[in-house]
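This report concerns only the one structure given below.
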Amino acid sequence: MSVLPIYTYGMPVLRKKAKKITAVDDRVRAFVQDMFETMHNAGGIGLAANQVGSLERVIVIDISEMEELQNLPPETPGKKPMALINPEVVREEGKWIMEEGCLSIPEIRDEVERAEHITVHFKDLEWNDCQLTSSDLLGRVILHEIDHLDGILFTDHISKIKQKLLRGRLNNIRKGECDVPYPIVTPLVEEKKISCVNHNGSRRIKNRVYGDSGLRGAESGDSSEQPLSCGRSCHRL
């Protein structure tokens with residue numbers, strides 16, 4: 001299993017709609033395991049394929065460590081990690097509000113209203129047809145992750161006024177100006193040309209680029225690179 005870099009706010013893949021998977025093979029299974037590894041490494045409880053740069057309709061969820069599940073029977077939905085392929089919500093009832101965060105929008109949280117009870121159809125990793133009816137946290141995580149598959153972010157659900165107030169912080173995320181303990185991929189936002197002087201007195205240019213490779217560029221002629229890591233982990237989706 002591998003830890004994949006997480007694509008952050010401003011990356012085009014987060015605004016695209018993922019396509020249905022037509023079959024589960026070894027590649028898909030390996031990808032799902034990488035998604036679980038990536039989510040756990042980042043301290044998240046849900047992850048969608050868009051968030052690691054893939055436009056495939058698959059989400060992974062693990063809320064098994066949440067306190068509210070500890071005294072429930074083993075067969076309770078959410079007690080085990082879940083992978084949902086081609087998930088589709090077929091029923092929603094009620095409304096409730098809870099604060100949400102997102103691994104792709106680090107260090108920002110806000111209250112979001114979602115359906116309280118949902119029923120979702122999906123395929124599992126054995127390509128079985130499955131149906132799950134859920135409420136509360138599990139249902140919210142599923143809805144949050146399906147939003148990702150449709151190119152929707154949790155910040156789209158908050159008021160226009162709040163969105164405006166967050167604009168500066170969101171722009172900072174575009175630049176990779178955040179503090180997270182997992183690798184990220186950020187948009188190409190800046191290229192600075194800095195005039196320098198060589199040891200022989202001639203002038204040269206040093207380029208520093210923050211790009212969608214998720215790496216910091218080094219001085220011209222220096223091939224060294226390091227991941228642009230950008231937080232403190234909390235329960236994010």
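In the structure tokens, each chain is lettered A, B, ... as it comes, each chain's residues begin at 1, and ligands are numbered from 1 in order of appearance.
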How close does stretch 117-199 of chain A get to stretch 16-30 of chain A? List, as a tab-separated table, each residue of stretch 117-199 of chain A within 8 Å, its nearest atom pair and the distance in Å to one decimal, counting only C-alpha atoms.
residue	atom	partner	partner_atom	distance
A:Leu125	CA	A:Val24	CA	6.5
A:Glu126	CA	A:Val24	CA	7.2
A:Trp127	CA	A:Val24	CA	6.5
A:Leu149	CA	A:Ala18	CA	5.2
A:Asp150	CA	A:Lys17	CA	4.4
A:Gly151	CA	A:Lys16	CA	4.7
Could you turn the residues from that selection into a file that holds N, CA and C atoms, as a CSV table (one decimal), in the first residue's frame?
chain,number,residue,atom,x,y,z
A,125,LEU,N,-16.3,-4.5,-3.2
A,125,LEU,CA,-15.1,-4.9,-3.9
A,125,LEU,C,-15.2,-6.2,-4.6
A,126,GLU,N,-16.2,-7.0,-4.2
A,126,GLU,CA,-16.5,-8.3,-4.9
A,126,GLU,C,-17.6,-8.1,-6.0
A,127,TRP,N,-17.9,-6.8,-6.3
A,127,TRP,CA,-18.8,-6.5,-7.3
A,127,TRP,C,-20.3,-6.9,-7.0
A,149,LEU,N,-17.3,13.2,-5.5
A,149,LEU,CA,-17.4,12.5,-6.8
A,149,LEU,C,-18.2,13.3,-7.9
A,150,ASP,N,-19.0,14.3,-7.4
A,150,ASP,CA,-19.8,15.1,-8.3
A,150,ASP,C,-19.1,16.5,-8.4
A,151,GLY,N,-17.9,16.7,-7.9
A,151,GLY,CA,-17.2,18.0,-8.0
A,151,GLY,C,-17.7,19.1,-7.1
Taking the DSSP secondary structure from the backbone, can you list the residues of stretch 57-182 of chain A that are helix (DSSP H, G or I), as an mmCIF file with N, CA and C atoms, in the first residue's frame?
data_model
loop_
_atom_site.group_PDB
_atom_site.id
_atom_site.type_symbol
_atom_site.label_atom_id
_atom_site.label_comp_id
_atom_site.auth_asym_id
_atom_site.auth_seq_id
_atom_site.Cartn_x
_atom_site.Cartn_y
_atom_site.Cartn_z
ATOM 1 N N GLU A 67 -16.194 7.603 18.901
ATOM 2 C CA GLU A 67 -16.678 7.235 20.237
ATOM 3 C C GLU A 67 -18.108 6.719 20.225
ATOM 4 N N GLU A 68 -18.961 7.306 19.385
ATOM 5 C CA GLU A 68 -20.374 6.926 19.399
ATOM 6 C C GLU A 68 -20.624 5.514 18.899
ATOM 7 N N LEU A 69 -19.612 4.879 18.290
ATOM 8 C CA LEU A 69 -19.788 3.519 17.776
ATOM 9 C C LEU A 69 -19.257 2.435 18.702
ATOM 10 N N ASP A 136 -27.161 9.867 10.811
ATOM 11 C CA ASP A 136 -26.156 10.546 11.617
ATOM 12 C C ASP A 136 -24.804 10.604 10.904
ATOM 13 N N LEU A 137 -23.709 10.274 11.630
ATOM 14 C CA LEU A 137 -22.370 10.529 11.108
ATOM 15 C C LEU A 137 -22.066 9.744 9.845
ATOM 16 N N LEU A 138 -22.366 8.447 9.807
ATOM 17 C CA LEU A 138 -22.039 7.654 8.630
ATOM 18 C C LEU A 138 -22.737 8.206 7.397
ATOM 19 N N GLY A 139 -24.020 8.523 7.531
ATOM 20 C CA GLY A 139 -24.739 9.093 6.401
ATOM 21 C C GLY A 139 -24.122 10.398 5.942
ATOM 22 N N ARG A 140 -23.702 11.223 6.892
ATOM 23 C CA ARG A 140 -23.083 12.511 6.545
ATOM 24 C C ARG A 140 -21.774 12.290 5.799
ATOM 25 N N VAL A 141 -20.962 11.357 6.256
ATOM 26 C CA VAL A 141 -19.687 11.102 5.583
ATOM 27 C C VAL A 141 -19.938 10.610 4.158
ATOM 28 N N ILE A 142 -20.898 9.709 4.001
ATOM 29 C CA ILE A 142 -21.221 9.209 2.661
ATOM 30 C C ILE A 142 -21.638 10.363 1.746
ATOM 31 N N LEU A 143 -22.514 11.234 2.227
ATOM 32 C CA LEU A 143 -22.971 12.366 1.420
ATOM 33 C C LEU A 143 -21.822 13.312 1.072
ATOM 34 N N HIS A 144 -20.946 13.564 2.041
ATOM 35 C CA HIS A 144 -19.788 14.431 1.807
ATOM 36 C C HIS A 144 -18.906 13.851 0.709
ATOM 37 N N GLU A 145 -18.645 12.544 0.776
ATOM 38 C CA GLU A 145 -17.754 11.926 -0.203
ATOM 39 C C GLU A 145 -18.408 11.821 -1.578
ATOM 40 N N ILE A 146 -19.704 11.538 -1.635
ATOM 41 C CA ILE A 146 -20.387 11.509 -2.928
ATOM 42 C C ILE A 146 -20.375 12.899 -3.558
ATOM 43 N N ASP A 147 -20.504 13.933 -2.739
ATOM 44 C CA ASP A 147 -20.354 15.296 -3.251
ATOM 45 C C ASP A 147 -19.026 15.446 -3.988
ATOM 46 N N HIS A 148 -17.945 14.951 -3.382
ATOM 47 C CA HIS A 148 -16.637 15.028 -4.040
ATOM 48 C C HIS A 148 -16.686 14.389 -5.425
ATOM 49 N N LEU A 149 -17.329 13.222 -5.521
ATOM 50 C CA LEU A 149 -17.405 12.527 -6.813
ATOM 51 C C LEU A 149 -18.154 13.349 -7.852
ATOM 52 N N PHE A 154 -17.593 20.905 0.449
ATOM 53 C CA PHE A 154 -18.483 21.244 1.559
ATOM 54 C C PHE A 154 -18.681 22.749 1.688
ATOM 55 N N THR A 155 -17.700 23.526 1.241
ATOM 56 C CA THR A 155 -17.833 24.981 1.308
ATOM 57 C C THR A 155 -18.908 25.499 0.353
ATOM 58 N N ASP A 156 -19.304 24.698 -0.623
ATOM 59 C CA ASP A 156 -20.386 25.108 -1.528
ATOM 60 C C ASP A 156 -21.731 25.146 -0.803
ATOM 61 N N HIS A 157 -21.816 24.464 0.333
ATOM 62 C CA HIS A 157 -23.080 24.378 1.063
ATOM 63 C C HIS A 157 -23.264 25.515 2.076
ATOM 64 N N LYS A 160 -23.273 32.450 1.088
ATOM 65 C CA LYS A 160 -22.407 33.271 0.242
ATOM 66 C C LYS A 160 -21.559 34.220 1.083
ATOM 67 N N ILE A 161 -22.138 34.704 2.171
ATOM 68 C CA ILE A 161 -21.386 35.610 3.050
ATOM 69 C C ILE A 161 -20.187 34.884 3.658
ATOM 70 N N LYS A 162 -20.413 33.659 4.164
ATOM 71 C CA LYS A 162 -19.315 32.889 4.745
ATOM 72 C C LYS A 162 -18.280 32.529 3.693
ATOM 73 N N GLN A 163 -18.740 32.202 2.487
ATOM 74 C CA GLN A 163 -17.799 31.894 1.415
ATOM 75 C C GLN A 163 -16.891 33.087 1.132
ATOM 76 N N LYS A 164 -17.487 34.275 1.150
ATOM 77 C CA LYS A 164 -16.701 35.490 0.905
ATOM 78 C C LYS A 164 -15.677 35.701 2.012
ATOM 79 N N LEU A 165 -16.085 35.436 3.251
ATOM 80 C CA LEU A 165 -15.168 35.613 4.384
ATOM 81 C C LEU A 165 -14.012 34.610 4.340
ATOM 82 N N LEU A 166 -14.253 33.457 3.727
ATOM 83 C CA LEU A 166 -13.225 32.417 3.658
ATOM 84 C C LEU A 166 -12.287 32.586 2.469
ATOM 85 N N ARG A 167 -12.583 33.542 1.606
ATOM 86 C CA ARG A 167 -11.857 33.646 0.346
ATOM 87 C C ARG A 167 -10.347 33.751 0.548
ATOM 88 N N GLY A 168 -9.931 34.565 1.509
ATOM 89 C CA GLY A 168 -8.500 34.735 1.752
ATOM 90 C C GLY A 168 -7.838 33.447 2.208
ATOM 91 N N ARG A 169 -8.495 32.725 3.109
ATOM 92 C CA ARG A 169 -7.929 31.467 3.606
ATOM 93 C C ARG A 169 -7.892 30.407 2.510
ATOM 94 N N LEU A 170 -8.909 30.404 1.656
ATOM 95 C CA LEU A 170 -8.922 29.453 0.541
ATOM 96 C C LEU A 170 -7.804 29.770 -0.452
ATOM 97 N N ASN A 171 -7.566 31.044 -0.684
ATOM 98 C CA ASN A 171 -6.467 31.421 -1.570
ATOM 99 C C ASN A 171 -5.120 31.000 -0.993
ATOM 100 N N ASN A 172 -4.987 31.049 0.321
ATOM 101 C CA ASN A 172 -3.751 30.583 0.951
ATOM 102 C C ASN A 172 -3.542 29.087 0.704
ATOM 103 N N ILE A 173 -4.641 28.322 0.748
ATOM 104 C CA ILE A 173 -4.527 26.889 0.474
ATOM 105 C C ILE A 173 -4.075 26.664 -0.962
ATOM 106 N N ARG A 174 -4.589 27.464 -1.894
ATOM 107 C CA ARG A 174 -4.147 27.380 -3.286
ATOM 108 C C ARG A 174 -2.634 27.510 -3.389
#
* Asked: Which polymer residues have any atom within 8 Å of an atom of A:Lys80, counting only C-alpha atoms, with same-chain residues fewer than 5 positions away left out, as a list of chain:residue names?
  ->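 Non-adjacent residues within range: A:Asp62, A:Ile63, A:Ser64.
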Write the residues of the selection above to a file with C-alpha atoms, as a compact mmCIF listing (two decimals), in the first residue's frame.
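What follows is the written file out-v1.txt:
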# COMPACT_ATOMS: atom_id res chain seq x y z
CA ASP A 62 -13.61 4.47 8.29
CA ILE A 63 -15.45 5.82 11.32
CA SER A 64 -14.78 2.70 13.40
* To do: Using only C-alpha atoms, pick whichever of A:Leu153, A:Cys130, A:Met66, A:Ile85 has the shortest atom-to-atom distance to A:Val112.
  =>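 Closest residue, counting only C-alpha atoms: A:Leu153.
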* To do: Within 8 Å of A:Leu237, counting only C-alpha atoms, which residues show up once you throw out same-chain ones fewer than 6 positions away? Write them as a list in words, please.
  =>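 Non-adjacent residues within range: Gly44, Ile45, Gly46, Leu47, Glu100, Gly101, Cys102, Leu103, Val141, His144 and Glu145 of chain A.
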Please write the residues from the selection above to a file, keeping N, CA and C atoms, as a PDB file, in the first residue's frame.
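After the write, result_3.pdb holds the following:
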ATOM      1  N   GLY A  44      -8.010  11.194   8.435  1.00  0.00           N
ATOM      2  CA  GLY A  44      -9.359  11.422   7.951  1.00  0.00           C
ATOM      3  C   GLY A  44     -10.281  10.257   8.246  1.00  0.00           C
ATOM      4  N   ILE A  45     -11.574  10.465   8.017  1.00  0.00           N
ATOM      5  CA  ILE A  45     -12.564   9.400   8.196  1.00  0.00           C
ATOM      6  C   ILE A  45     -13.290   9.101   6.889  1.00  0.00           C
ATOM      7  N   GLY A  46     -12.948   9.799   5.819  1.00  0.00           N
ATOM      8  CA  GLY A  46     -13.523   9.542   4.512  1.00  0.00           C
ATOM      9  C   GLY A  46     -12.633  10.125   3.436  1.00  0.00           C
ATOM     10  N   LEU A  47     -12.673   9.513   2.255  1.00  0.00           N
ATOM     11  CA  LEU A  47     -11.851   9.995   1.149  1.00  0.00           C
ATOM     12  C   LEU A  47     -12.502   9.568  -0.160  1.00  0.00           C
ATOM     13  N   GLU A 100     -18.264  20.378   9.597  1.00  0.00           N
ATOM     14  CA  GLU A 100     -17.473  19.505   8.745  1.00  0.00           C
ATOM     15  C   GLU A 100     -16.120  20.136   8.432  1.00  0.00           C
ATOM     16  N   GLY A 101     -15.178  19.283   8.078  1.00  0.00           N
ATOM     17  CA  GLY A 101     -13.886  19.705   7.557  1.00  0.00           C
ATOM     18  C   GLY A 101     -13.578  18.845   6.353  1.00  0.00           C
ATOM     19  N   CYS A 102     -12.405  19.029   5.770  1.00  0.00           N
ATOM     20  CA  CYS A 102     -12.065  18.279   4.560  1.00  0.00           C
ATOM     21  C   CYS A 102     -10.548  18.215   4.412  1.00  0.00           C
ATOM     22  N   LEU A 103     -10.044  17.026   4.059  1.00  0.00           N
ATOM     23  CA  LEU A 103      -8.609  16.869   3.851  1.00  0.00           C
ATOM     24  C   LEU A 103      -8.116  17.723   2.689  1.00  0.00           C
ATOM     25  N   VAL A 141     -20.962  11.357   6.256  1.00  0.00           N
ATOM     26  CA  VAL A 141     -19.687  11.102   5.583  1.00  0.00           C
ATOM     27  C   VAL A 141     -19.938  10.610   4.158  1.00  0.00           C
ATOM     28  N   HIS A 144     -20.946  13.564   2.041  1.00  0.00           N
ATOM     29  CA  HIS A 144     -19.788  14.431   1.807  1.00  0.00           C
ATOM     30  C   HIS A 144     -18.906  13.851   0.709  1.00  0.00           C
ATOM     31  N   GLU A 145     -18.645  12.544   0.776  1.00  0.00           N
ATOM     32  CA  GLU A 145     -17.754  11.926  -0.203  1.00  0.00           C
ATOM     33  C   GLU A 145     -18.408  11.821  -1.578  1.00  0.00           C
TER      34      GLU A 145
END
* **Counting only C-alpha atoms, the option among A:Glu177, A:Glu88, A:Glu37, A:Glu65 closest to A:Lys123** => A:Glu88
* Atom-to-atom span, atom CA of A:Thr8 and atom CA of A:Leu84, Å ->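 Distance between the two atoms: 22.1 Å.
Candidate residues A:Ser159, A:Ser104, A:Thr133, A:Gln51 were compared for distance to A:Glu116, and the nearest is A:Thr133, using only C-alpha atoms.
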* Selection near A:Val13, 9 Å with only C-alpha atoms, sequence-local residues under 6 positions removed, as an MDAnalysis selection string -> chainID A and resid 7 50:55 151
Would you write out those residues with N, CA and C atoms, as a CSV table (one decimal), in the first residue's frame?
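Written out: part.csv:
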chain,number,residue,atom,x,y,z
A,7,TYR,N,-5.1,16.1,-3.2
A,7,TYR,CA,-5.2,17.3,-4.0
A,7,TYR,C,-6.1,18.3,-3.2
A,50,ASN,N,-11.5,11.5,-6.3
A,50,ASN,CA,-11.1,12.9,-6.8
A,50,ASN,C,-10.0,13.5,-5.9
A,51,GLN,N,-10.0,13.2,-4.7
A,51,GLN,CA,-9.1,13.8,-3.7
A,51,GLN,C,-7.7,13.3,-3.9
A,52,VAL,N,-7.5,12.2,-4.6
A,52,VAL,CA,-6.1,11.7,-4.9
A,52,VAL,C,-5.9,11.7,-6.4
A,53,GLY,N,-6.7,12.5,-7.1
A,53,GLY,CA,-6.4,12.7,-8.5
A,53,GLY,C,-7.0,11.8,-9.5
A,54,SER,N,-8.0,10.9,-9.1
A,54,SER,CA,-8.6,9.9,-10.0
A,54,SER,C,-10.1,10.2,-10.1
A,55,LEU,N,-10.5,10.2,-11.4
A,55,LEU,CA,-11.9,10.4,-11.7
A,55,LEU,C,-12.7,9.1,-11.8
A,151,GLY,N,-17.9,16.7,-7.9
A,151,GLY,CA,-17.2,18.0,-8.0
A,151,GLY,C,-17.7,19.1,-7.1
* 7 Å contact set for A:Pro87, only C-alpha atoms, chain neighbours under 3 positions out, as a VMD selection string -> chain A and resid 84 120 to 122
